[in-house]
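A.B. asks: This is the content of run.cif (mmCIF, C-alpha atoms):
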```
data_query
#
loop_
_atom_site.label_atom_id
_atom_site.label_comp_id
_atom_site.auth_asym_id
_atom_site.auth_seq_id
_atom_site.Cartn_x
_atom_site.Cartn_y
_atom_site.Cartn_z
CA MET A 1 -13.78 -9.39 -134.18
CA LYS A 2 -10.73 -7.73 -132.71
CA VAL A 3 -8.02 -9.08 -130.43
CA LEU A 4 -5.48 -6.95 -128.56
CA ILE A 5 -1.91 -8.21 -128.17
CA VAL A 6 0.16 -6.61 -125.40
CA CYS A 7 3.95 -6.45 -125.80
CA THR A 8 6.83 -5.05 -123.78
CA ASN A 9 9.03 -2.07 -124.68
CA HIS A 10 11.79 -3.11 -122.25
CA GLU A 11 14.99 -4.50 -123.74
CA ALA A 12 17.79 -4.25 -121.14
CA TYR A 13 18.92 -6.66 -118.43
CA PRO A 14 20.61 -5.31 -115.29
CA THR A 15 23.97 -6.94 -116.09
CA LYS A 16 23.71 -9.18 -119.15
CA THR A 17 24.75 -7.55 -122.41
CA THR A 18 22.24 -9.47 -124.51
CA LYS A 19 18.98 -7.68 -125.22
CA THR A 20 15.60 -8.88 -124.07
CA GLY A 21 12.13 -7.85 -125.23
CA VAL A 22 9.19 -9.90 -126.45
CA TRP A 23 9.76 -13.60 -127.19
CA LEU A 24 9.13 -13.93 -130.92
CA SER A 25 7.35 -17.30 -131.04
CA GLU A 26 4.93 -16.18 -128.32
CA LEU A 27 3.79 -13.58 -130.83
CA THR A 28 4.01 -15.45 -134.11
CA HIS A 29 2.39 -18.71 -132.97
CA PHE A 30 -0.55 -16.89 -131.38
CA TYR A 31 -0.83 -14.44 -134.28
CA ASP A 32 -0.82 -17.20 -136.89
CA VAL A 33 -3.73 -19.10 -135.34
CA MET A 34 -5.77 -15.90 -135.06
CA ALA A 35 -4.88 -14.56 -138.51
CA LYS A 36 -6.02 -17.80 -140.16
CA ARG A 37 -9.48 -17.10 -138.71
CA ARG A 38 -9.33 -13.54 -140.11
CA ILE A 39 -9.30 -11.98 -136.65
CA ILE A 40 -8.23 -8.32 -136.58
CA LEU A 41 -5.12 -8.08 -134.41
CA ASP A 42 -3.77 -4.88 -132.85
CA PHE A 43 -0.47 -4.55 -130.97
CA VAL A 44 -0.15 -2.28 -127.94
CA SER A 45 2.82 -1.59 -125.65
CA PRO A 46 3.33 0.68 -122.62
CA LYS A 47 5.07 3.39 -124.68
CA GLY A 48 3.80 2.49 -128.13
CA GLY A 49 6.14 2.41 -131.10
CA ASN A 50 8.84 -0.21 -131.57
CA VAL A 51 8.59 -3.51 -129.71
CA PRO A 52 12.07 -4.98 -129.09
CA VAL A 53 12.48 -8.71 -129.75
CA ASP A 54 14.58 -10.86 -127.44
CA GLU A 55 17.74 -11.79 -129.34
CA ARG A 56 17.60 -15.39 -128.11
CA SER A 57 14.16 -15.88 -129.65
CA LEU A 58 15.19 -15.10 -133.24
CA ASP A 59 14.88 -18.73 -134.27
CA PHE A 60 14.20 -18.79 -138.00
CA LYS A 61 14.26 -22.58 -138.21
CA ASP A 62 10.81 -22.09 -136.73
CA GLU A 63 8.75 -21.74 -139.92
CA CYS A 64 6.19 -19.49 -138.25
CA ASN A 65 8.88 -17.11 -136.97
CA ALA A 66 10.59 -16.98 -140.37
CA ARG A 67 7.35 -16.33 -142.26
CA TYR A 68 6.12 -13.49 -140.08
CA TRP A 69 9.55 -11.89 -139.70
CA GLU A 70 9.39 -11.34 -143.47
CA ASP A 71 5.72 -10.28 -143.40
CA PRO A 72 5.49 -6.47 -143.86
CA VAL A 73 2.10 -6.22 -142.14
CA PHE A 74 3.30 -8.10 -139.05
CA ARG A 75 6.58 -6.16 -138.89
CA ASN A 76 4.75 -2.84 -139.23
CA LYS A 77 2.53 -3.75 -136.27
CA LEU A 78 5.62 -4.73 -134.28
CA GLU A 79 7.54 -1.56 -135.09
CA HIS A 80 4.56 0.81 -134.69
CA SER A 81 2.59 -0.61 -131.78
CA LEU A 82 -0.26 1.49 -130.40
CA THR A 83 -0.12 3.37 -127.11
CA PRO A 84 -2.61 2.44 -124.37
CA SER A 85 -4.32 5.83 -124.81
CA GLN A 86 -5.22 4.83 -128.39
CA ILE A 87 -7.07 1.72 -127.23
CA HIS A 88 -10.85 1.53 -126.78
CA PRO A 89 -11.38 -1.59 -124.64
CA ALA A 90 -14.98 -2.05 -125.84
CA ASP A 91 -13.60 -2.88 -129.31
CA TYR A 92 -11.92 -6.08 -128.12
CA ARG A 93 -13.25 -9.51 -127.17
CA LEU A 94 -9.86 -10.84 -126.09
CA ILE A 95 -6.60 -9.45 -124.73
CA TYR A 96 -3.36 -11.45 -124.89
CA PHE A 97 -0.13 -10.65 -123.03
CA ALA A 98 2.94 -11.96 -124.85
CA GLY A 99 6.00 -12.75 -122.76
CA GLY A 100 9.74 -12.45 -122.96
CA HIS A 101 11.73 -11.31 -119.93
CA GLY A 102 11.17 -7.65 -120.80
CA ALA A 103 7.52 -7.99 -119.79
CA MET A 104 8.50 -8.30 -116.13
CA TRP A 105 9.74 -4.71 -116.01
CA ASP A 106 7.11 -2.63 -117.76
CA LEU A 107 3.83 -4.57 -117.85
CA PRO A 108 2.92 -5.23 -114.16
CA GLU A 109 2.79 -1.59 -113.07
CA ASN A 110 1.31 0.03 -116.18
CA GLN A 111 -1.96 1.49 -114.95
CA GLU A 112 -3.41 2.10 -118.42
CA LEU A 113 -2.95 -1.54 -119.42
CA ILE A 114 -4.37 -2.63 -116.07
CA GLN A 115 -7.51 -0.59 -116.74
CA ILE A 116 -7.82 -1.90 -120.31
CA THR A 117 -7.57 -5.49 -119.04
CA LYS A 118 -10.13 -4.86 -116.31
CA SER A 119 -12.54 -3.28 -118.79
CA ILE A 120 -12.29 -6.13 -121.32
CA TYR A 121 -12.77 -8.76 -118.62
CA GLU A 122 -15.73 -7.00 -116.99
CA ARG A 123 -17.43 -6.70 -120.39
CA ASN A 124 -17.37 -10.51 -120.56
CA GLY A 125 -14.26 -10.54 -122.71
CA MET A 126 -11.42 -13.04 -122.34
CA VAL A 127 -8.01 -12.43 -120.80
CA SER A 128 -5.02 -14.52 -121.85
CA ALA A 129 -1.27 -14.47 -121.28
CA VAL A 130 1.77 -16.66 -121.79
CA SER A 131 5.02 -17.20 -119.92
CA HIS A 132 6.42 -13.93 -118.49
CA GLY A 133 3.47 -12.09 -120.05
CA VAL A 134 1.36 -13.42 -117.16
CA SER A 135 3.17 -10.79 -115.04
CA GLY A 136 0.92 -8.23 -116.75
CA LEU A 137 -2.04 -9.69 -114.85
CA MET A 138 -0.52 -9.52 -111.35
CA ASN A 139 -1.88 -6.13 -110.40
CA VAL A 140 -5.19 -6.08 -112.29
CA LYS A 141 -7.97 -5.28 -109.82
CA LEU A 142 -11.66 -5.64 -110.59
CA SER A 143 -14.40 -3.20 -109.63
CA ASP A 144 -15.05 -5.05 -106.38
CA GLY A 145 -11.45 -4.48 -105.29
CA SER A 146 -10.32 -8.09 -105.72
CA TYR A 147 -7.41 -9.10 -107.91
CA LEU A 148 -8.38 -10.63 -111.25
CA ILE A 149 -6.16 -13.66 -110.58
CA GLN A 150 -7.23 -14.18 -106.96
CA ASP A 151 -8.52 -17.75 -106.46
CA LYS A 152 -8.05 -18.43 -110.19
CA TYR A 153 -6.21 -21.42 -111.59
CA LEU A 154 -3.41 -20.22 -113.83
CA THR A 155 0.10 -20.95 -115.00
CA GLY A 156 3.14 -19.01 -116.16
CA TYR A 157 6.92 -19.26 -116.34
CA SER A 158 7.89 -21.40 -113.37
CA ASN A 159 10.65 -20.94 -110.80
CA MET A 160 12.29 -24.13 -112.10
CA GLU A 161 12.31 -22.86 -115.70
CA GLU A 162 13.81 -19.54 -114.57
CA THR A 163 16.51 -21.41 -112.63
CA LEU A 164 17.34 -23.74 -115.51
CA MET A 165 17.72 -20.76 -117.87
CA SER A 166 20.19 -19.14 -115.41
CA PHE A 167 18.34 -15.82 -115.34
CA VAL A 168 17.53 -15.76 -111.63
CA SER A 169 20.11 -13.05 -110.94
CA GLU A 170 18.65 -10.81 -113.66
CA VAL A 171 14.90 -10.88 -113.11
CA PRO A 172 13.16 -8.46 -110.69
CA PHE A 173 11.10 -11.27 -109.11
CA TYR A 174 10.10 -14.90 -109.43
CA LEU A 175 6.84 -14.88 -111.41
CA GLU A 176 5.51 -18.08 -109.85
CA ASP A 177 6.00 -16.68 -106.33
CA LYS A 178 4.32 -13.34 -107.14
CA LEU A 179 1.27 -15.03 -108.64
CA LYS A 180 0.88 -17.18 -105.55
CA GLU A 181 1.19 -14.08 -103.35
CA ARG A 182 -1.80 -12.63 -105.20
CA GLY A 183 -3.86 -15.67 -104.24
CA ALA A 184 -3.67 -17.51 -107.56
CA HIS A 185 -3.66 -21.31 -107.74
CA PHE A 186 -0.46 -21.82 -109.74
CA THR A 187 -0.19 -25.02 -111.79
CA LYS A 188 2.67 -26.31 -113.95
CA THR A 189 4.00 -29.36 -115.75
CA MET A 190 6.20 -31.86 -113.96
CA ILE A 191 8.70 -31.54 -116.82
CA PRO A 192 9.89 -27.93 -117.48
CA PHE A 193 9.40 -26.33 -120.92
CA MET A 194 6.58 -28.66 -121.96
CA GLU A 195 3.48 -27.16 -123.57
CA PHE A 196 0.88 -26.45 -120.89
CA ILE A 197 -2.14 -24.17 -120.54
CA GLU A 198 -4.60 -23.54 -117.76
CA MET A 199 -8.13 -22.21 -118.13
CA ASP A 200 -10.39 -20.79 -115.45
CA GLU A 201 -13.62 -19.35 -116.85
CA ARG A 202 -12.53 -16.44 -119.09
CA LEU A 203 -8.85 -16.57 -118.11
CA ILE A 204 -6.43 -18.62 -120.24
CA THR A 205 -2.73 -18.77 -119.40
CA GLY A 206 0.25 -20.68 -120.80
CA GLN A 207 3.39 -21.76 -118.99
CA ASN A 208 6.09 -21.12 -121.58
CA PRO A 209 6.73 -20.17 -125.23
CA GLY A 210 5.63 -23.61 -126.46
CA SER A 211 2.13 -22.91 -125.14
CA ALA A 212 1.24 -19.83 -127.23
CA LYS A 213 -0.40 -21.70 -130.11
CA LYS A 214 -2.56 -23.75 -127.77
CA ILE A 215 -3.75 -20.58 -125.96
CA ALA A 216 -4.90 -19.11 -129.27
CA SER A 217 -6.67 -22.32 -130.30
CA LYS A 218 -8.43 -22.61 -126.94
CA ALA A 219 -9.48 -18.95 -127.01
CA LEU A 220 -11.01 -19.33 -130.47
CA GLU A 221 -12.81 -22.46 -129.36
CA GLU A 222 -14.32 -20.57 -126.42
CA LEU A 223 -15.26 -17.51 -128.49
CA PHE A 224 -16.73 -19.23 -131.53
CA GLU A 225 -17.72 -22.78 -130.70
CA LYS A 226 -19.60 -22.39 -127.43
#
```
I'd like the structure from this file rewritten - as structure tokens, please.
C.D. replies:
Amino acid sequence: MKVLIVCTNHEAYPTKTTKTGVWLSELTHFYDVMAKRRIILDFVSPKGGNVPVDERSLDFKDECNARYWEDPVFRNKLEHSLTPSQIHPADYRLIYFAGGHGAMWDLPENQELIQITKSIYERNGMVSAVSHGVSGLMNVKLSDGSYLIQDKYLTGYSNMEETLMSFVSEVPFYLEDKLKERGAHFTKTMIPFMEFIEMDERLITGQNPGSAKKIASKALEELFEK
């Protein structure tokens, strides 16, 4: 069984000098759960090639981060991600959008990734995303013209979390607000940054980096145990 992991190529903030990109634990925690079940994992990004990693996420006290950062197979996937044109949606049972602020710039409008997501979902596959990666689902339309997330219960990085991290002036939009504009039923924890996932049929979303492992576990439960 194959799973497709979507990552950003975007690494620059409008004014901050620190680099953004994918949030490392949102990759490693999801990847680890899947790899232990011998799932084949492919990485794709809008441009293909190197996936930048948000500098603030390079936490090597996190055992999972440290282990995969030194793993040549994982690093090769990260540095040589596939382009959307190389992807055959019928090969995948699940697509997962990793977050990091970079995702907000290049995932929502990428038409190839939108079509890949639509195809996987309409073939009875599962769609999942965490934190800012949920922005990659905003503009996915199904064959009937409706938005994938319309009337769905989901979560993602909340307005409160964005405010507490002091990145409001840098981001192109509030993710929570955009998801609500698309007709989604947005849910979140009372306490910011706590692990939280939401599931609505074949859509699984996580609020923040701490939710990535739980998304993977829930997805495997749905795919193999039901």
A.B. asks: Mind listing whatever residues come within 8 Å of the point (-17.9, -8.3, -131.1)? Use only C-alpha atoms, file coordinates, and give them as a list in words.
C.D. replies: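 Here is the list of nearby residues: Met1, Lys2, Asp91, Tyr92 and Arg93 of chain A.
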A.B. asks: For the point (4.0, -20.6, -122.3) in the file's frame, write as a list of chain:residue names all residues with an atom no more than 6 Å away, counting only C-alpha atoms.
C.D. replies: A:Val130, A:Ser131, A:Gly206, A:Gln207, A:Asn208, A:Pro209, A:Gly210, A:Ser211, A:Ala212
A.B. asks: Taking C-alpha atoms for each residue, export the selection above as a tab-separated table (two decimals), in the coordinates of the input.
C.D. replies:
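Output (again31.tsv):
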```tsv
chain	number	residue	atom	x	y	z
A	130	VAL	CA	1.77	-16.66	-121.79
A	131	SER	CA	5.02	-17.20	-119.92
A	206	GLY	CA	0.25	-20.68	-120.80
A	207	GLN	CA	3.39	-21.76	-118.99
A	208	ASN	CA	6.09	-21.12	-121.58
A	209	PRO	CA	6.73	-20.17	-125.23
A	210	GLY	CA	5.63	-23.61	-126.46
A	211	SER	CA	2.13	-22.91	-125.14
A	212	ALA	CA	1.24	-19.83	-127.23
```
A.B. asks: List the residues matched by the PyMOL selection byres ((chain A and resi 136-143) around 10) in the displayed structure as a VMD selection string, ordered by chain and then by residue number.
C.D. replies: chain A and resid 6 to 8 96 to 99 103 to 111 113 to 119 121 to 122 127 to 130 132 to 135 144 to 150 175 178 to 184
A.B. asks: Choose the residue, out of A:Val44, A:Ile191, A:Leu203, A:Met126, that has the smallest atom-to-atom separation from Lys152 in chain A; count all atoms listed in the file.
C.D. replies: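 Smallest separation from Lys152 in chain A among the options: A:Leu203.
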A.B. asks: Please report the interatomic distance between CA of Glu79 in chain A and CA of Gly49 in chain A in Å with one decimal.
C.D. replies: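 Going from CA of Glu79 in chain A over to CA of Gly49 in chain A, I get 5.8 Å.
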A.B. asks: Have a look at A:Tyr157, A:Tyr31, A:Phe60, A:Trp23 and name the one nearest to Lys214 in chain A; count all atoms listed in the file.
C.D. replies: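 Ranked by minimum distance to Lys214 in chain A, first place goes to A:Tyr31.
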A.B. asks: Rebuild range 1-16 of chain A so that it carries N, CA, C and O atoms, then output the result as a PDB file, in the frame of the given file.
C.D. replies:
```
ATOM      1  N   MET A   1     -14.169  -9.308-135.569  1.00  0.00           N
ATOM      2  CA  MET A   1     -13.780  -9.390-134.180  1.00  0.00           C
ATOM      3  C   MET A   1     -12.341  -8.952-134.021  1.00  0.00           C
ATOM      4  O   MET A   1     -11.505  -9.240-134.874  1.00  0.00           O
ATOM      5  N   LYS A   2     -12.074  -8.245-132.936  1.00  0.00           N
ATOM      6  CA  LYS A   2     -10.730  -7.730-132.710  1.00  0.00           C
ATOM      7  C   LYS A   2     -10.111  -8.334-131.455  1.00  0.00           C
ATOM      8  O   LYS A   2     -10.791  -8.546-130.450  1.00  0.00           O
ATOM      9  N   VAL A   3      -8.812  -8.565-131.548  1.00  0.00           N
ATOM     10  CA  VAL A   3      -8.020  -9.080-130.430  1.00  0.00           C
ATOM     11  C   VAL A   3      -6.853  -8.125-130.200  1.00  0.00           C
ATOM     12  O   VAL A   3      -6.234  -7.650-131.159  1.00  0.00           O
ATOM     13  N   LEU A   4      -6.564  -7.863-128.930  1.00  0.00           N
ATOM     14  CA  LEU A   4      -5.480  -6.950-128.560  1.00  0.00           C
ATOM     15  C   LEU A   4      -4.294  -7.751-128.020  1.00  0.00           C
ATOM     16  O   LEU A   4      -4.448  -8.539-127.086  1.00  0.00           O
ATOM     17  N   ILE A   5      -3.132  -7.547-128.606  1.00  0.00           N
ATOM     18  CA  ILE A   5      -1.910  -8.210-128.170  1.00  0.00           C
ATOM     19  C   ILE A   5      -1.022  -7.195-127.454  1.00  0.00           C
ATOM     20  O   ILE A   5      -0.666  -6.160-128.027  1.00  0.00           O
ATOM     21  N   VAL A   6      -0.674  -7.502-126.214  1.00  0.00           N
ATOM     22  CA  VAL A   6       0.160  -6.610-125.400  1.00  0.00           C
ATOM     23  C   VAL A   6       1.604  -7.080-125.441  1.00  0.00           C
ATOM     24  O   VAL A   6       1.890  -8.260-125.217  1.00  0.00           O
ATOM     25  N   CYS A   7       2.515  -6.151-125.725  1.00  0.00           N
ATOM     26  CA  CYS A   7       3.950  -6.450-125.800  1.00  0.00           C
ATOM     27  C   CYS A   7       4.744  -5.485-124.926  1.00  0.00           C
ATOM     28  O   CYS A   7       4.287  -4.384-124.618  1.00  0.00           O
ATOM     29  N   THR A   8       5.931  -5.887-124.572  1.00  0.00           N
ATOM     30  CA  THR A   8       6.830  -5.050-123.780  1.00  0.00           C
ATOM     31  C   THR A   8       7.602  -4.063-124.661  1.00  0.00           C
ATOM     32  O   THR A   8       7.788  -4.295-125.854  1.00  0.00           O
ATOM     33  N   ASN A   9       8.066  -2.972-124.040  1.00  0.00           N
ATOM     34  CA  ASN A   9       9.030  -2.070-124.680  1.00  0.00           C
ATOM     35  C   ASN A   9      10.428  -2.214-124.067  1.00  0.00           C
ATOM     36  O   ASN A   9      11.369  -1.560-124.504  1.00  0.00           O
ATOM     37  N   HIS A  10      10.548  -3.049-123.040  1.00  0.00           N
ATOM     38  CA  HIS A  10      11.790  -3.110-122.250  1.00  0.00           C
ATOM     39  C   HIS A  10      12.777  -4.087-122.889  1.00  0.00           C
ATOM     40  O   HIS A  10      12.421  -5.223-123.192  1.00  0.00           O
ATOM     41  N   GLU A  11      14.024  -3.640-123.048  1.00  0.00           N
ATOM     42  CA  GLU A  11      14.990  -4.500-123.740  1.00  0.00           C
ATOM     43  C   GLU A  11      16.291  -4.749-122.992  1.00  0.00           C
ATOM     44  O   GLU A  11      17.120  -5.540-123.447  1.00  0.00           O
ATOM     45  N   ALA A  12      16.496  -4.137-121.824  1.00  0.00           N
ATOM     46  CA  ALA A  12      17.790  -4.250-121.140  1.00  0.00           C
ATOM     47  C   ALA A  12      17.713  -5.100-119.881  1.00  0.00           C
ATOM     48  O   ALA A  12      16.769  -5.005-119.114  1.00  0.00           O
ATOM     49  N   TYR A  13      18.739  -5.949-119.689  1.00  0.00           N
ATOM     50  CA  TYR A  13      18.920  -6.660-118.430  1.00  0.00           C
ATOM     51  C   TYR A  13      19.808  -5.830-117.507  1.00  0.00           C
ATOM     52  O   TYR A  13      20.569  -4.981-117.982  1.00  0.00           O
ATOM     53  N   PRO A  14      19.743  -6.070-116.210  1.00  0.00           N
ATOM     54  CA  PRO A  14      20.610  -5.310-115.290  1.00  0.00           C
ATOM     55  C   PRO A  14      22.096  -5.482-115.576  1.00  0.00           C
ATOM     56  O   PRO A  14      22.857  -4.518-115.538  1.00  0.00           O
ATOM     57  N   THR A  15      22.533  -6.709-115.872  1.00  0.00           N
ATOM     58  CA  THR A  15      23.970  -6.940-116.090  1.00  0.00           C
ATOM     59  C   THR A  15      24.286  -7.627-117.407  1.00  0.00           C
ATOM     60  O   THR A  15      25.334  -7.381-117.992  1.00  0.00           O
ATOM     61  N   LYS A  16      23.418  -8.473-117.900  1.00  0.00           N
ATOM     62  CA  LYS A  16      23.710  -9.180-119.150  1.00  0.00           C
ATOM     63  C   LYS A  16      23.729  -8.207-120.332  1.00  0.00           C
ATOM     64  O   LYS A  16      22.941  -7.270-120.384  1.00  0.00           O
TER      65      LYS A  16
END
```
